[in-house]
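Beneath this line is the structure, given in structure tokens, with notes to follow.
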Amino acid sequence: MLPLKLIQEQGNFIIERLKIKNFDATQIISSILSTDEKRRALQTRIDIQLADLNNLARQIGQLYKEGKRQEAEAAKNQTFEIKEQNRVLKEEHATIEQLLKELVVQLPNLPHELVPVGKTADDNQLIRTGGIIPEPDINRKPHWDLLAGSGLIDFELGVKITGAGFPVYQREAARLQRALINFFLDQGLKAGFTEVQPPIMVNEDSAYGTGQLPDKEAQMYRSEADGLYLIPTAEVPLTNIFRDEILSADQLPVKYMAYTPCFRREAGSWGSHVRGLNRLHQFDKVEIVQVRHPDNSYIGLDEMVAYVESLVILLELPYRIIRLCGGDMSFTSAMTYDFEVFAAGQGRWLEVSSVSNFESFQANRLKLRFRDKGDKRTQLAHTLNGSALALPRIVAGLLENNQQGNEIFIPEILHPYTGFDRIRL
RNA sequence: GGAGAGAUGGCCGAGUGGUCGAAGGCGCACGCCUGGAAAGCGUGUACCCUGCGUGAAGCGGGGUCGAGGGUUCGAAUCCCUCUUUCUCCGCCA
């Protein structure tokens, strides 16, 4: 959510900037400005009435004290009319405020000036590549064929127990999952992230705080009876730790990470390209989050990109880092880098991480603020997050790139975690 | 799940209908004191909306004492609902 003040004062700037996201804000902004005008006018009237009522109440108390019952009664009668008028205005005010809020949340975040103009993924900007893409080999298989019949990752069994998109990992595959989680957390710890185990179900306020509600309701699994949602990412509970908080500048930057399972309904997003591990309803992920001073949030973003890169390098995976163009960026992001890993069996790049700076967009919604030392005023903090990393596609990459005959080699860095150096099929 | 007791500012803690945004203490900030520090003394110390003023300082109005509703001229204080914490009982990993 963009701050109202910014919309009031920099409307044209916003309109210009949002063109990068192919978003025409002209209409919305003019509606916001006129609605806000009405809202303030109304509030002024309401406040005057309330001030009158407060004065009368004080007078009445005084009159009673002085035993002037008659006059007190007269003053009381005055209040009734004002109160009635006030009730009407308040209703009007509530309606307008609701409308204003609905308008404001329709504006996406402003892209950073380095964000390339563009409409689709084709316009994204390649930042750099790394690792070695394996030589083409006709015997190389996509992971679902490679593992077929092994039971290591059993999609059919998952269907029996739960449904499509809920695979069962067994034996070495299960241990590989656990190894990766521990590896990621250990690395994160070294990089200065504080480990957190948050709830994996959240209430409506939290879902609203990070923007899952109201738009992306269909993406989440919901426990109807309790009004709770299964998290689609640890970003939700992790970021909501800071909802309604005011930090002091010396607490910044905050660096948190959490491993959680993630649940996504992925309604209507299935197709032939999302076989196997490529897209799941439940998957594991380690998420990193930062709360930063606005002055250095992009330093934080670079840090996180470098950190995620270090992970894929240690895993010896071929990767590329992409800066998303305006059209491909999320609603809430000011700048996003995607990490893709090449899965040689499928011959395609798979997104394994998305690292974003939301600047104050999310913080505004969350009411996450901080105060500079010696400053009376609070300001919105900047929030950032990224995956570090999401497991399934990393596993897909490892399986597909490291297959050799009937064996799949495990990168050396993981050996202490897995306890084996290869998987035999 | 049953019974009872709570929920007040960064923290502790007063406050049962009328200048209460809220005593007191702690903490914190600044100043005095000191060679420096501690102690001591003094001052200040919530957030949001809004009006004048440059979004400064400052001044004014409104709202907020878990949340929402109600009673009343007037509510932190009374009533209702919800949330939540603690204690006891039950159940349980």
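Every chain in the structure tokens takes a letter, A first, then B, and so on in the order presented; its residues are numbered from 1, and the ligands are numbered from 1 following the presented order.
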
Discussion item. I need the chain B residues near chain A as a PyMOL selection string; criterion: at most 8 Å, counting only C-alpha atoms (C1' of nucleotides).
Written reply: chain B and resi 18+50+61-62+73-74

Can you pull out every residue within 8 Å of range 2-5 of chain B, counting only C-alpha atoms (C1' of nucleotides), but drop anything in the same chain fewer than 2 positions away, and send it as a PDB file with C-alpha atoms (C1' of nucleotides), in the first residue's frame?
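Final output, saved to out_28.pdb:
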ATOM      1  C1'   C B  86      -3.218 -16.834  34.375  1.00  0.00           C
ATOM      2  C1'   U B  87      -4.985 -20.491  38.282  1.00  0.00           C
ATOM      3  C1'   C B  88      -7.650 -25.070  39.432  1.00  0.00           C
ATOM      4  C1'   C B  89     -10.132 -29.461  37.291  1.00  0.00           C
ATOM      5  C1'   G B  90     -10.587 -32.744  32.987  1.00  0.00           C
TER       6        G B  90
END

Fill in: All helix (DSSP H, G or I) residues (DSSP, backbone) inside range 312-423 of chain A, as a PyMOL selection string
chain A and resi 312-314+326-328+361-366+391-401+412-418

Practice prompt. Figure out the distance between CA of Leu185 in chain A and CA of Ala164 in chain A, please, to one decimal in Å.
Written response: 28.5 Å

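Checking B:C92, B:C49, B:U85, B:U54 one by one against Leu42 in chain A, counting only C-alpha atoms (C1' of nucleotides), you find the shortest gap at B:C49.
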
Fill in: Point-to-point distance in Å for CA of Arg265 in chain A and CA of Gln219 in chain A
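It comes out at 5.0 Å.
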
Worksheet item: Rounded to one decimal in Å, what is the spacing between C1' of U81 in chain B and CA of Gly227 in chain A?
Response: 17.7 Å

Worksheet item: What's the 8 Å shell around range 24-33 of chain B, counting only C-alpha atoms (C1' of nucleotides), without same-chain residues fewer than 2 positions away, as a VMD selection string?
Response: chain B and resid 10 to 14 41 to 45

File dump, residues just selected, N, CA, C and O atoms (P, O5', C5', C4', C3', O3' and C1' of nucleotides), as a compact mmCIF listing (two decimals), in the first residue's frame:
# COMPACT_ATOMS: atom_id res chain seq x y z
P G B 10 3.93 1.92 24.72
O5' G B 10 5.38 1.43 25.16
C5' G B 10 6.04 0.45 24.36
C4' G B 10 7.16 -0.13 25.16
C3' G B 10 6.75 -0.68 26.52
O3' G B 10 6.25 -1.98 26.42
C1' G B 10 8.66 0.69 26.76
P C B 11 5.03 -2.45 27.35
O5' C B 11 5.74 -2.78 28.73
C5' C B 11 6.66 -3.86 28.82
C4' C B 11 7.34 -3.84 30.16
C3' C B 11 6.39 -3.86 31.36
O3' C B 11 5.98 -5.17 31.68
C1' C B 11 8.02 -2.16 31.67
P C B 12 4.55 -5.40 32.34
O5' C B 12 4.73 -4.83 33.81
C5' C B 12 5.50 -5.55 34.76
C4' C B 12 5.63 -4.74 36.03
C3' C B 12 4.33 -4.41 36.76
O3' C B 12 3.86 -5.49 37.54
C1' C B 12 5.70 -2.49 36.68
P G B 13 2.29 -5.64 37.84
O5' G B 13 1.88 -4.22 38.43
C5' G B 13 2.20 -3.86 39.76
C4' G B 13 1.77 -2.43 40.02
C3' G B 13 0.27 -2.17 39.92
O3' G B 13 -0.37 -2.49 41.15
C1' G B 13 1.42 -0.53 38.66
P A B 14 -1.99 -2.40 41.26
O5' A B 14 -2.26 -0.85 41.19
C5' A B 14 -3.23 -0.30 42.01
C4' A B 14 -3.15 1.21 42.03
C3' A B 14 -4.49 1.88 41.81
O3' A B 14 -5.29 1.82 42.97
C1' A B 14 -2.80 3.03 40.63
P C B 41 16.84 13.07 44.05
O5' C B 41 16.91 14.50 43.36
C5' C B 41 17.08 15.68 44.15
C4' C B 41 17.37 16.86 43.27
C3' C B 41 16.41 17.07 42.11
O3' C B 41 15.19 17.68 42.51
C1' C B 41 18.61 17.29 41.32
P G B 42 13.85 17.23 41.78
O5' G B 42 13.97 18.00 40.40
C5' G B 42 14.03 19.42 40.36
C4' G B 42 14.35 19.90 38.98
C3' G B 42 13.42 19.41 37.88
O3' G B 42 12.21 20.13 37.84
C1' G B 42 15.66 19.23 37.16
P U B 43 10.88 19.41 37.33
O5' U B 43 11.11 19.33 35.76
C5' U B 43 11.23 20.52 34.98
C4' U B 43 11.65 20.18 33.57
C3' U B 43 10.79 19.15 32.87
O3' U B 43 9.59 19.69 32.36
C1' U B 43 13.06 18.63 32.52
P G B 44 8.31 18.73 32.28
O5' G B 44 8.66 17.79 31.04
C5' G B 44 8.87 18.35 29.75
C4' G B 44 9.52 17.33 28.85
C3' G B 44 8.74 16.04 28.63
O3' G B 44 7.71 16.21 27.68
C1' G B 44 11.01 15.53 29.02
P U B 45 6.42 15.27 27.75
O5' U B 45 7.00 13.82 27.37
C5' U B 45 7.52 13.56 26.08
C4' U B 45 8.13 12.18 26.05
C3' U B 45 7.16 11.06 26.39
O3' U B 45 6.43 10.69 25.24
C1' U B 45 9.22 10.72 27.52

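Across range 164-254 of chain A, DSSP run on the backbone finds strand (DSSP E or B) at A:Val168, A:Tyr169, A:Thr194, A:Glu195, A:Met201, A:Val202, A:Arg222, A:Ser223, A:Leu228, A:Tyr229, A:Leu230, A:Ile246, A:Leu247, A:Ser248, A:Val254.
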
Can I get the selected residues back with N, CA, C and O atoms, as a compact mmCIF listing (two decimals), in the first residue's frame?
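The new file again-v8.txt reads:
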# COMPACT_ATOMS: atom_id res chain seq x y z
N VAL A 168 5.02 -38.10 -1.62
CA VAL A 168 5.63 -38.73 -0.45
C VAL A 168 7.10 -38.96 -0.76
O VAL A 168 7.43 -39.58 -1.78
N TYR A 169 7.98 -38.40 0.06
CA TYR A 169 9.41 -38.62 -0.11
C TYR A 169 9.80 -39.78 0.77
O TYR A 169 9.42 -39.84 1.95
N THR A 194 18.68 -14.91 11.98
CA THR A 194 18.17 -15.50 13.21
C THR A 194 17.11 -16.53 12.88
O THR A 194 16.18 -16.25 12.13
N GLU A 195 17.29 -17.72 13.44
CA GLU A 195 16.37 -18.80 13.10
C GLU A 195 15.08 -18.69 13.90
O GLU A 195 15.10 -18.49 15.11
N MET A 201 0.07 -21.79 10.38
CA MET A 201 -1.27 -21.29 10.10
C MET A 201 -1.33 -19.86 10.63
O MET A 201 -0.75 -19.56 11.66
N VAL A 202 -2.03 -19.02 9.89
CA VAL A 202 -2.11 -17.61 10.29
C VAL A 202 -3.55 -17.13 10.27
O VAL A 202 -4.40 -17.70 9.58
N ARG A 222 -7.69 -23.01 3.61
CA ARG A 222 -8.30 -22.33 4.74
C ARG A 222 -8.97 -23.32 5.69
O ARG A 222 -9.64 -24.25 5.26
N SER A 223 -8.78 -23.11 6.97
CA SER A 223 -9.53 -23.86 7.96
C SER A 223 -10.76 -23.03 8.32
O SER A 223 -10.69 -22.11 9.13
N LEU A 228 -8.58 -19.67 9.97
CA LEU A 228 -7.13 -19.64 9.79
C LEU A 228 -6.74 -20.12 8.39
O LEU A 228 -7.48 -20.87 7.76
N TYR A 229 -5.57 -19.67 7.97
CA TYR A 229 -5.06 -20.05 6.66
C TYR A 229 -3.74 -20.79 6.81
O TYR A 229 -2.90 -20.41 7.63
N LEU A 230 -3.54 -21.81 5.98
CA LEU A 230 -2.22 -22.43 5.89
C LEU A 230 -1.34 -21.48 5.09
O LEU A 230 -1.78 -20.92 4.08
N ILE A 246 6.93 -0.64 16.39
CA ILE A 246 7.80 0.50 16.16
C ILE A 246 9.17 0.14 16.70
O ILE A 246 9.34 -0.04 17.90
N LEU A 247 10.13 0.02 15.81
CA LEU A 247 11.47 -0.37 16.21
C LEU A 247 12.32 0.89 16.37
O LEU A 247 11.98 1.94 15.83
N SER A 248 13.40 0.75 17.13
CA SER A 248 14.34 1.87 17.14
C SER A 248 15.41 1.57 16.09
O SER A 248 15.69 0.41 15.80
N VAL A 254 17.04 -6.08 10.86
CA VAL A 254 16.58 -7.35 11.40
C VAL A 254 16.72 -8.38 10.31
O VAL A 254 16.33 -8.13 9.16

Contact residues around Lys190 in chain A with only C-alpha atoms (C1' of nucleotides) at 12 Å, ignoring same-chain residues under 6 positions, as a PDB file with N, CA, C and O atoms, in the first residue's frame:
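What follows is the written file around-v6.pdb:
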ATOM      1  N   PHE A 183      21.077 -27.858   5.864  1.00  0.00           N
ATOM      2  CA  PHE A 183      22.155 -27.148   5.171  1.00  0.00           C
ATOM      3  C   PHE A 183      21.784 -25.670   5.010  1.00  0.00           C
ATOM      4  O   PHE A 183      22.567 -24.776   5.328  1.00  0.00           O
ATOM      5  N   PHE A 184      20.587 -25.426   4.535  1.00  0.00           N
ATOM      6  CA  PHE A 184      20.157 -24.043   4.322  1.00  0.00           C
ATOM      7  C   PHE A 184      20.129 -23.252   5.633  1.00  0.00           C
ATOM      8  O   PHE A 184      20.546 -22.091   5.684  1.00  0.00           O
ATOM      9  N   LYS A 255      17.314  -9.516  10.650  1.00  0.00           N
ATOM     10  CA  LYS A 255      17.464 -10.589   9.653  1.00  0.00           C
ATOM     11  C   LYS A 255      16.917 -11.875  10.237  1.00  0.00           C
ATOM     12  O   LYS A 255      17.509 -12.425  11.171  1.00  0.00           O
ATOM     13  N   MET A 257      15.132 -15.851   9.524  1.00  0.00           N
ATOM     14  CA  MET A 257      14.875 -16.914   8.551  1.00  0.00           C
ATOM     15  C   MET A 257      14.033 -17.987   9.213  1.00  0.00           C
ATOM     16  O   MET A 257      14.027 -18.129  10.437  1.00  0.00           O
ATOM     17  N   TYR A 307      23.887 -13.887  -1.026  1.00  0.00           N
ATOM     18  CA  TYR A 307      23.759 -15.053  -0.150  1.00  0.00           C
ATOM     19  C   TYR A 307      23.094 -16.222  -0.880  1.00  0.00           C
ATOM     20  O   TYR A 307      23.584 -17.363  -0.836  1.00  0.00           O
ATOM     21  N   SER A 310      25.383 -17.807  -3.196  1.00  0.00           N
ATOM     22  CA  SER A 310      26.368 -18.681  -2.554  1.00  0.00           C
ATOM     23  C   SER A 310      25.799 -20.089  -2.341  1.00  0.00           C
ATOM     24  O   SER A 310      26.524 -21.072  -2.423  1.00  0.00           O
ATOM     25  N   LEU A 311      24.514 -20.160  -2.097  1.00  0.00           N
ATOM     26  CA  LEU A 311      23.891 -21.470  -1.876  1.00  0.00           C
ATOM     27  C   LEU A 311      23.900 -22.311  -3.153  1.00  0.00           C
ATOM     28  O   LEU A 311      24.279 -23.487  -3.133  1.00  0.00           O
TER      29      LEU A 311
END

Item to complete: Find the residues near range 325-342 of chain A: any atom within 8 Å, counting only C-alpha atoms (C1' of nucleotides), skip ones fewer than 2 places away on the same chain, and give them as number ranges by chain.
Response: A: 1, 20-22, 108-112, 115-121, 123-125, 133, 305, 317-323, 344, 347-359, 361-362, 393-394, 397

Discussion item. With only C-alpha atoms (C1' of nucleotides) as the counted atoms, please give the residues lying no more than 10 Å from U64 in chain B, apart from itself and same-chain residues fewer than 6 positions off, as a PyMOL selection string.
Written reply: chain B and resi 21+47-48
